[in-house]
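Below is model_39.cif, which holds mmCIF, C-alpha atoms.
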data_protein
#
loop_
_atom_site.label_atom_id
_atom_site.label_comp_id
_atom_site.auth_asym_id
_atom_site.auth_seq_id
_atom_site.Cartn_x
_atom_site.Cartn_y
_atom_site.Cartn_z
CA MET G 1 -5.85 77.52 414.78
CA ARG G 2 -9.07 79.33 415.73
CA ILE G 3 -12.47 77.97 414.64
CA LEU G 4 -15.95 79.44 415.09
CA ILE G 5 -18.91 77.04 415.38
CA VAL G 6 -22.27 78.64 414.55
CA GLU G 7 -24.82 76.02 415.57
CA ASP G 8 -28.07 76.35 417.56
CA GLU G 9 -28.22 72.69 418.64
CA GLN G 10 -26.33 73.23 421.85
CA ASN G 11 -25.41 69.59 422.49
CA LEU G 12 -24.01 69.21 418.99
CA ALA G 13 -22.13 72.51 419.18
CA LEU G 14 -20.57 71.56 422.52
CA GLN G 15 -19.63 68.11 421.21
CA ILE G 16 -17.90 69.64 418.19
CA GLN G 17 -16.13 72.14 420.44
CA HIS G 18 -14.92 69.33 422.71
CA ILE G 19 -13.67 67.28 419.76
CA LEU G 20 -11.82 70.24 418.28
CA SER G 21 -10.28 71.09 421.66
CA GLN G 22 -8.98 67.52 421.91
CA GLU G 23 -7.38 68.07 418.49
CA LYS G 24 -5.72 71.23 419.88
CA TYR G 25 -7.83 73.71 417.96
CA THR G 26 -9.24 76.79 419.68
CA ALA G 27 -13.00 76.49 419.17
CA GLU G 28 -15.68 79.07 419.99
CA ILE G 29 -19.46 78.81 419.72
CA ALA G 30 -22.30 81.08 418.65
CA PHE G 31 -25.77 79.59 419.20
CA ASP G 32 -27.56 82.34 417.26
CA GLY G 33 -27.18 83.46 413.65
CA ARG G 34 -26.82 87.17 414.41
CA ASP G 35 -24.23 86.49 417.10
CA GLY G 36 -22.32 84.24 414.72
CA LEU G 37 -22.35 86.85 411.97
CA GLU G 38 -21.12 89.55 414.35
CA LYS G 39 -18.28 87.38 415.64
CA ALA G 40 -17.20 86.41 412.12
CA GLN G 41 -17.22 90.05 411.02
CA LEU G 42 -15.39 91.48 414.02
CA GLU G 43 -12.91 88.74 414.89
CA GLU G 44 -10.38 86.74 412.92
CA TYR G 45 -10.93 83.00 412.51
CA ASP G 46 -9.13 80.36 410.49
CA LEU G 47 -12.35 78.47 409.73
CA LEU G 48 -16.12 78.67 410.26
CA ILE G 49 -18.45 75.71 410.84
CA LEU G 50 -21.83 77.15 409.89
CA ASP G 51 -25.25 75.55 410.32
CA VAL G 52 -27.90 76.37 407.71
CA MET G 53 -30.99 76.56 409.95
CA LEU G 54 -30.35 79.11 412.69
CA PRO G 55 -32.42 81.49 414.82
CA GLY G 56 -31.89 85.17 414.09
CA THR G 57 -30.58 84.75 410.57
CA ASP G 58 -29.91 81.60 408.56
CA GLY G 59 -26.55 80.26 407.46
CA PHE G 60 -27.05 81.16 403.81
CA SER G 61 -27.63 84.82 404.73
CA ILE G 62 -24.59 84.82 407.01
CA LEU G 63 -22.40 83.37 404.29
CA LYS G 64 -23.70 85.80 401.67
CA GLU G 65 -23.01 88.80 403.91
CA LEU G 66 -19.52 87.61 404.87
CA ARG G 67 -18.52 87.11 401.25
CA ALA G 68 -20.03 90.50 400.31
CA ASP G 69 -17.84 92.04 403.04
CA GLY G 70 -14.79 90.44 401.47
CA ILE G 71 -14.30 87.96 404.33
CA GLN G 72 -12.89 84.83 402.69
CA THR G 73 -12.54 82.64 405.80
CA PRO G 74 -13.07 78.97 404.79
CA VAL G 75 -16.61 77.77 405.61
CA ILE G 76 -17.96 74.27 406.18
CA MET G 77 -21.77 74.30 406.13
CA LEU G 78 -23.84 71.86 408.20
CA THR G 79 -27.40 70.87 407.38
CA ALA G 80 -29.97 68.27 408.30
CA ARG G 81 -31.46 68.63 404.83
CA VAL G 82 -30.30 66.36 402.03
CA GLU G 83 -31.66 68.25 399.02
CA ILE G 84 -29.05 68.81 396.30
CA ASP G 85 -30.41 72.35 395.75
CA ASP G 86 -29.42 73.34 399.29
CA ARG G 87 -25.89 72.13 398.81
CA VAL G 88 -25.61 73.85 395.45
CA LYS G 89 -26.93 77.10 396.93
CA GLY G 90 -24.36 77.04 399.72
CA LEU G 91 -21.49 76.34 397.36
CA ASP G 92 -22.68 79.05 394.97
CA LEU G 93 -22.73 81.56 397.84
CA GLY G 94 -19.10 80.75 398.65
CA ALA G 95 -19.10 77.78 401.01
CA ASP G 96 -15.96 75.68 400.76
CA ASP G 97 -17.47 72.38 401.89
CA TYR G 98 -20.72 70.80 403.02
CA LEU G 99 -21.61 68.14 405.60
CA THR G 100 -25.03 66.57 406.10
CA LYS G 101 -26.10 65.68 409.65
CA PRO G 102 -25.48 63.24 411.14
CA PHE G 103 -21.82 63.06 410.15
CA ALA G 104 -18.84 61.02 411.29
CA VAL G 105 -16.27 62.81 413.46
CA PRO G 106 -13.26 61.59 411.41
CA GLU G 107 -14.87 63.02 408.27
CA LEU G 108 -15.40 66.41 409.89
CA LEU G 109 -11.78 66.49 411.10
CA ALA G 110 -10.49 65.45 407.67
CA ARG G 111 -12.48 68.23 405.99
CA ILE G 112 -11.18 70.77 408.51
CA ARG G 113 -7.57 69.72 407.95
CA SER G 114 -8.03 69.86 404.19
CA LEU G 115 -9.48 73.38 404.24
CA LEU G 116 -6.89 74.72 406.66
CA ARG G 117 -4.11 73.32 404.49
CA ARG G 118 -5.66 74.74 401.34
CA ASP G 119 -6.20 78.15 402.87
CA SER G 120 -2.71 78.47 404.26
CA THR G 121 -0.06 80.18 402.19
CA LEU G 122 2.22 77.57 403.70
CA LYS G 123 1.28 74.50 401.66
CA SER G 124 3.35 72.12 403.72
CA ALA G 125 1.96 70.72 406.96
CA VAL G 126 5.45 71.14 408.45
CA LEU G 127 6.61 74.58 409.60
CA LYS G 128 10.33 74.80 410.36
CA ILE G 129 12.47 77.41 412.05
CA GLY G 130 16.10 76.52 412.60
CA ASP G 131 16.25 72.96 413.93
CA VAL G 132 12.75 73.10 415.42
CA GLU G 133 9.66 72.12 413.44
CA ILE G 134 5.91 71.85 413.91
CA ASN G 135 3.76 69.30 412.15
CA THR G 136 0.34 70.97 411.97
CA GLU G 137 -1.41 67.72 411.07
CA ALA G 138 0.06 65.63 413.89
CA LYS G 139 -0.02 68.65 416.23
CA VAL G 140 3.50 68.05 417.51
CA LEU G 141 6.63 70.12 418.05
CA ARG G 142 9.97 68.47 417.32
CA HIS G 143 13.61 69.36 417.83
CA ARG G 144 15.91 67.38 415.52
CA GLY G 145 13.27 64.67 415.25
CA SER G 146 12.53 64.35 418.97
CA ILE G 147 9.05 65.33 420.17
CA ILE G 148 8.76 68.08 422.77
CA ASP G 149 5.71 67.44 424.95
CA LEU G 150 3.38 70.43 425.14
CA THR G 151 -0.01 71.11 426.66
CA ALA G 152 -2.86 71.96 424.26
CA LYS G 153 -2.56 75.68 425.03
CA GLU G 154 1.23 75.64 424.69
CA TYR G 155 0.95 73.93 421.32
CA ALA G 156 -1.69 76.39 420.09
CA LEU G 157 0.51 79.30 421.16
CA ILE G 158 3.73 78.11 419.52
CA GLU G 159 1.85 77.13 416.35
CA PHE G 160 0.36 80.65 416.19
CA LEU G 161 3.83 82.15 416.52
CA PHE G 162 5.23 79.83 413.85
CA TYR G 163 2.48 80.86 411.43
CA ASN G 164 3.53 84.44 412.12
CA ALA G 165 7.28 83.77 411.98
CA ASN G 166 9.50 86.86 411.84
CA ARG G 167 6.57 89.10 412.76
CA VAL G 168 5.89 90.62 416.17
CA VAL G 169 2.68 89.27 417.71
CA SER G 170 1.12 91.25 420.55
CA ARG G 171 0.14 89.64 423.83
CA LEU G 172 -3.48 90.62 423.14
CA SER G 173 -3.48 88.91 419.73
CA ILE G 174 -2.01 85.76 421.28
CA ALA G 175 -4.55 85.78 424.11
CA GLU G 176 -7.49 86.32 421.75
CA HIS G 177 -6.31 83.48 419.51
CA ILE G 178 -5.69 81.00 422.33
CA TRP G 179 -8.45 81.79 424.83
CA GLY G 180 -11.12 83.31 422.58
CA ASP G 181 -14.37 84.05 424.41
CA SER G 182 -12.93 83.01 427.77
CA LEU G 183 -10.34 85.79 427.57
CA ASP G 184 -9.97 87.88 430.73
CA LEU G 185 -8.13 91.11 429.93
CA PHE G 186 -7.06 91.50 433.54
CA THR G 187 -5.14 88.22 433.61
CA MET G 188 -4.33 87.56 429.94
CA THR G 189 -0.84 89.13 430.03
CA ASN G 190 0.18 86.87 432.90
CA PHE G 191 -1.30 83.80 431.18
CA VAL G 192 0.59 84.51 427.95
CA ASP G 193 3.86 85.18 429.76
CA VAL G 194 3.55 82.02 431.86
CA HIS G 195 2.92 79.86 428.78
CA ILE G 196 5.83 81.47 426.93
CA LYS G 197 8.07 80.79 429.92
CA ASN G 198 7.03 77.12 429.99
CA ILE G 199 7.57 76.68 426.24
CA ARG G 200 11.00 78.30 426.45
CA LYS G 201 11.95 75.97 429.29
CA LYS G 202 10.89 72.90 427.31
CA LEU G 203 12.78 74.08 424.23
CA LYS G 204 15.88 74.72 426.33
CA ASN G 205 15.66 71.30 428.01
CA ALA G 206 15.45 69.73 424.54
CA GLY G 207 18.64 71.52 423.51
CA ALA G 208 16.97 73.88 421.05
CA ALA G 209 18.39 77.30 420.36
CA LYS G 210 16.45 80.30 421.64
CA LEU G 211 13.60 80.88 419.18
CA ILE G 212 11.11 83.10 421.02
CA GLN G 213 12.15 86.72 421.36
CA THR G 214 10.48 89.19 423.71
CA ILE G 215 9.63 92.49 422.06
CA ARG G 216 9.47 94.77 425.06
CA GLY G 217 6.13 96.45 425.58
CA ILE G 218 4.50 94.64 422.65
CA GLY G 219 4.69 90.85 422.66
CA TYR G 220 6.71 88.04 421.13
CA MET G 221 8.25 86.87 417.88
CA VAL G 222 9.80 83.62 416.69
CA LYS G 223 12.70 83.74 414.24
CA ASP G 224 15.70 81.67 413.26
CA PRO G 225 18.43 82.44 415.83
CA GLU G 226 20.99 82.28 413.03
#
Target encoding structure tokens, full file:
Amino acid sequence: MRILIVEDEQNLALQIQHILSQEKYTAEIAFDGRDGLEKAQLEEYDLLILDVMLPGTDGFSILKELRADGIQTPVIMLTARVEIDDRVKGLDLGADDYLTKPFAVPELLARIRSLLRRDSTLKSAVLKIGDVEINTEAKVLRHRGSIIDLTAKEYALIEFLFYNANRVVSRLSIAEHIWGDSLDLFTMTNFVDVHIKNIRKKLKNAGAAKLIQTIRGIGYMVKDPE
């Protein structure tokens, strides 16, 4: 899952990014309001973590413009202010949740999980194809109950494919989702192919049927082999 952090306190933004990366989310940062708005308008994210007080343009203005554009990405707003009016304003503009700084990491993660579950058309935390399943809360891949060990990038990739089951996903879409701002167009095809190869090998070693199909010239798709 891909998350954008719009926060001008660089230490805090980097800490949140690190925490989310440990939880196997793909997290990107914008330190400026205008940059954050542009990213949220031009790229696809599963969730936004949006500070209220930002240089360039404030979080309320960003949220208002996104909702006016029809962008309904879930938003958690962050603020150092405790006034009820601020929270009410954010919620009225279309925020999905609100956290006051400083906040506890477990609470932030719980709110993120809740919003991602609510936003997904797949209400269950478990996605299953054939005899292979992903638990999106525990961040694990299982074959007939046995866990298949994956790296963070491998997990993010297979989860992305599972969310897009039975649909062809291009290499570029995969690379943008997994690597975000660190994407290098000159090497991304090789990175994607190498990760797919490693995942296939681990699935095969676990005895799982072939799930990931190569769509020549386009990308990959997961579907029930039966």
Check: When you draw a straight line from atom CA of G:Glu137 to atom CA of G:Asn164, how long is it in Å?
Finding: 17.5 Å
Next item on the list: Can you work out which one of G:Ile199, G:Leu50, G:Leu42, G:Ile19 has the shortest atom-to-atom distance to G:Ile5, counting all atoms listed in the file?
Entry: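 Checking each candidate against G:Ile5, we get G:Leu50 as the closest.
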Next item on the list: Figure out the distance between atom CA of G:Lys139 and atom CA of G:Ala30, please, to one decimal in Å.
Entry: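 Distance between the two atoms: 25.6 Å.
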Item checked: Separation of atom CA of G:Leu141 from atom CA of G:Glu159 in Å ->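 Pair atom CA of G:Glu159 / atom CA of G:Leu141 returns 8.7 Å.
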Note to self: So that I can see what lies close to G:Gly90, please list as a ChimeraX atom specification the residues with an atom at most 12 Å from it, counting all atoms listed in the file and leaving out residues fewer than 2 positions away in the same chain.
What the structure shows: /G:50-52,58-64,67,75-79,83-88,92-99
Item checked: Within 12 Å of file point (-8.7, 74.7, 420.6), counting all atoms listed in the file, expressed as a PyMOL selection string -> chain G and resi 1-5+16-29+45-46+139+151-157+159-160+176-182
Restricted to C-alpha atoms, what would the selected residues look like written as a PDB file, in the frame of the given file?
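Listed below is the output, out.pdb:
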ATOM      1  CA  MET G   1      -5.850  77.520 414.780  1.00  0.00           C
ATOM      2  CA  ARG G   2      -9.070  79.330 415.730  1.00  0.00           C
ATOM      3  CA  ILE G   3     -12.470  77.970 414.640  1.00  0.00           C
ATOM      4  CA  LEU G   4     -15.950  79.440 415.090  1.00  0.00           C
ATOM      5  CA  ILE G   5     -18.910  77.040 415.380  1.00  0.00           C
ATOM      6  CA  ILE G  16     -17.900  69.640 418.190  1.00  0.00           C
ATOM      7  CA  GLN G  17     -16.130  72.140 420.440  1.00  0.00           C
ATOM      8  CA  HIS G  18     -14.920  69.330 422.710  1.00  0.00           C
ATOM      9  CA  ILE G  19     -13.670  67.280 419.760  1.00  0.00           C
ATOM     10  CA  LEU G  20     -11.820  70.240 418.280  1.00  0.00           C
ATOM     11  CA  SER G  21     -10.280  71.090 421.660  1.00  0.00           C
ATOM     12  CA  GLN G  22      -8.980  67.520 421.910  1.00  0.00           C
ATOM     13  CA  GLU G  23      -7.380  68.070 418.490  1.00  0.00           C
ATOM     14  CA  LYS G  24      -5.720  71.230 419.880  1.00  0.00           C
ATOM     15  CA  TYR G  25      -7.830  73.710 417.960  1.00  0.00           C
ATOM     16  CA  THR G  26      -9.240  76.790 419.680  1.00  0.00           C
ATOM     17  CA  ALA G  27     -13.000  76.490 419.170  1.00  0.00           C
ATOM     18  CA  GLU G  28     -15.680  79.070 419.990  1.00  0.00           C
ATOM     19  CA  ILE G  29     -19.460  78.810 419.720  1.00  0.00           C
ATOM     20  CA  TYR G  45     -10.930  83.000 412.510  1.00  0.00           C
ATOM     21  CA  ASP G  46      -9.130  80.360 410.490  1.00  0.00           C
ATOM     22  CA  LYS G 139      -0.020  68.650 416.230  1.00  0.00           C
ATOM     23  CA  THR G 151      -0.010  71.110 426.660  1.00  0.00           C
ATOM     24  CA  ALA G 152      -2.860  71.960 424.260  1.00  0.00           C
ATOM     25  CA  LYS G 153      -2.560  75.680 425.030  1.00  0.00           C
ATOM     26  CA  GLU G 154       1.230  75.640 424.690  1.00  0.00           C
ATOM     27  CA  TYR G 155       0.950  73.930 421.320  1.00  0.00           C
ATOM     28  CA  ALA G 156      -1.690  76.390 420.090  1.00  0.00           C
ATOM     29  CA  LEU G 157       0.510  79.300 421.160  1.00  0.00           C
ATOM     30  CA  GLU G 159       1.850  77.130 416.350  1.00  0.00           C
ATOM     31  CA  PHE G 160       0.360  80.650 416.190  1.00  0.00           C
ATOM     32  CA  GLU G 176      -7.490  86.320 421.750  1.00  0.00           C
ATOM     33  CA  HIS G 177      -6.310  83.480 419.510  1.00  0.00           C
ATOM     34  CA  ILE G 178      -5.690  81.000 422.330  1.00  0.00           C
ATOM     35  CA  TRP G 179      -8.450  81.790 424.830  1.00  0.00           C
ATOM     36  CA  GLY G 180     -11.120  83.310 422.580  1.00  0.00           C
ATOM     37  CA  ASP G 181     -14.370  84.050 424.410  1.00  0.00           C
ATOM     38  CA  SER G 182     -12.930  83.010 427.770  1.00  0.00           C
TER      39      SER G 182
END
Notebook entry, point to check: With only C-alpha atoms as the basis for distance, which of G:Gly207, G:Leu48, G:Val132, G:Asn198 is at the shortest distance from G:Ile112?
Noted result: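 Smallest distance to G:Ile112 is found for G:Leu48.
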Check: What residues come out when you apply the PyMOL selection byres ((chain G and resi 168) around 8) to this file, written as an MDAnalysis selection string?
Finding: chainID G and resid 164 166:167 169:170 215 218:221
Next item on the list: Rank G:Lys128, G:Gly145, G:Glu7, G:Arg117 by their smallest atom-to-atom distance to G:Ala80, using all atoms listed in the file, and report the top residue only.
Entry: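 Nearest candidate to G:Ala80 out of G:Lys128, G:Gly145, G:Glu7, G:Arg117: G:Glu7.
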Check: Can you tell me, as an MDAnalysis selection string, what residues are no more than 9 Å from G:Gly130 when counting all atoms listed in the file, ignoring any on the same chain fewer than 3 positions away?
Finding: chainID G and resid 133 208:209 211 223:226
Next item on the list: Tell me which of G:Ser146, G:Asn11, G:Thr100, G:Thr136 sits closest to G:Leu116, counting only C-alpha atoms.
Entry: G:Thr136
Checklist line | Among listed residues G:Ile129, G:Val140, G:Ile49, G:Ala110, nearest G:Tyr163 (using all atoms listed in the file) | finding: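 Using all atoms listed in the file, G:Tyr163 sits closest to G:Ile129.
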Margin query: Could you check the closest approach to G:Thr214 for each of G:Leu91, G:Gly70, G:Arg171, G:Asn190 and tell me which residue wins, using all atoms listed in the file?
Written below: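 Using all atoms listed in the file, G:Thr214 sits closest to G:Arg171.
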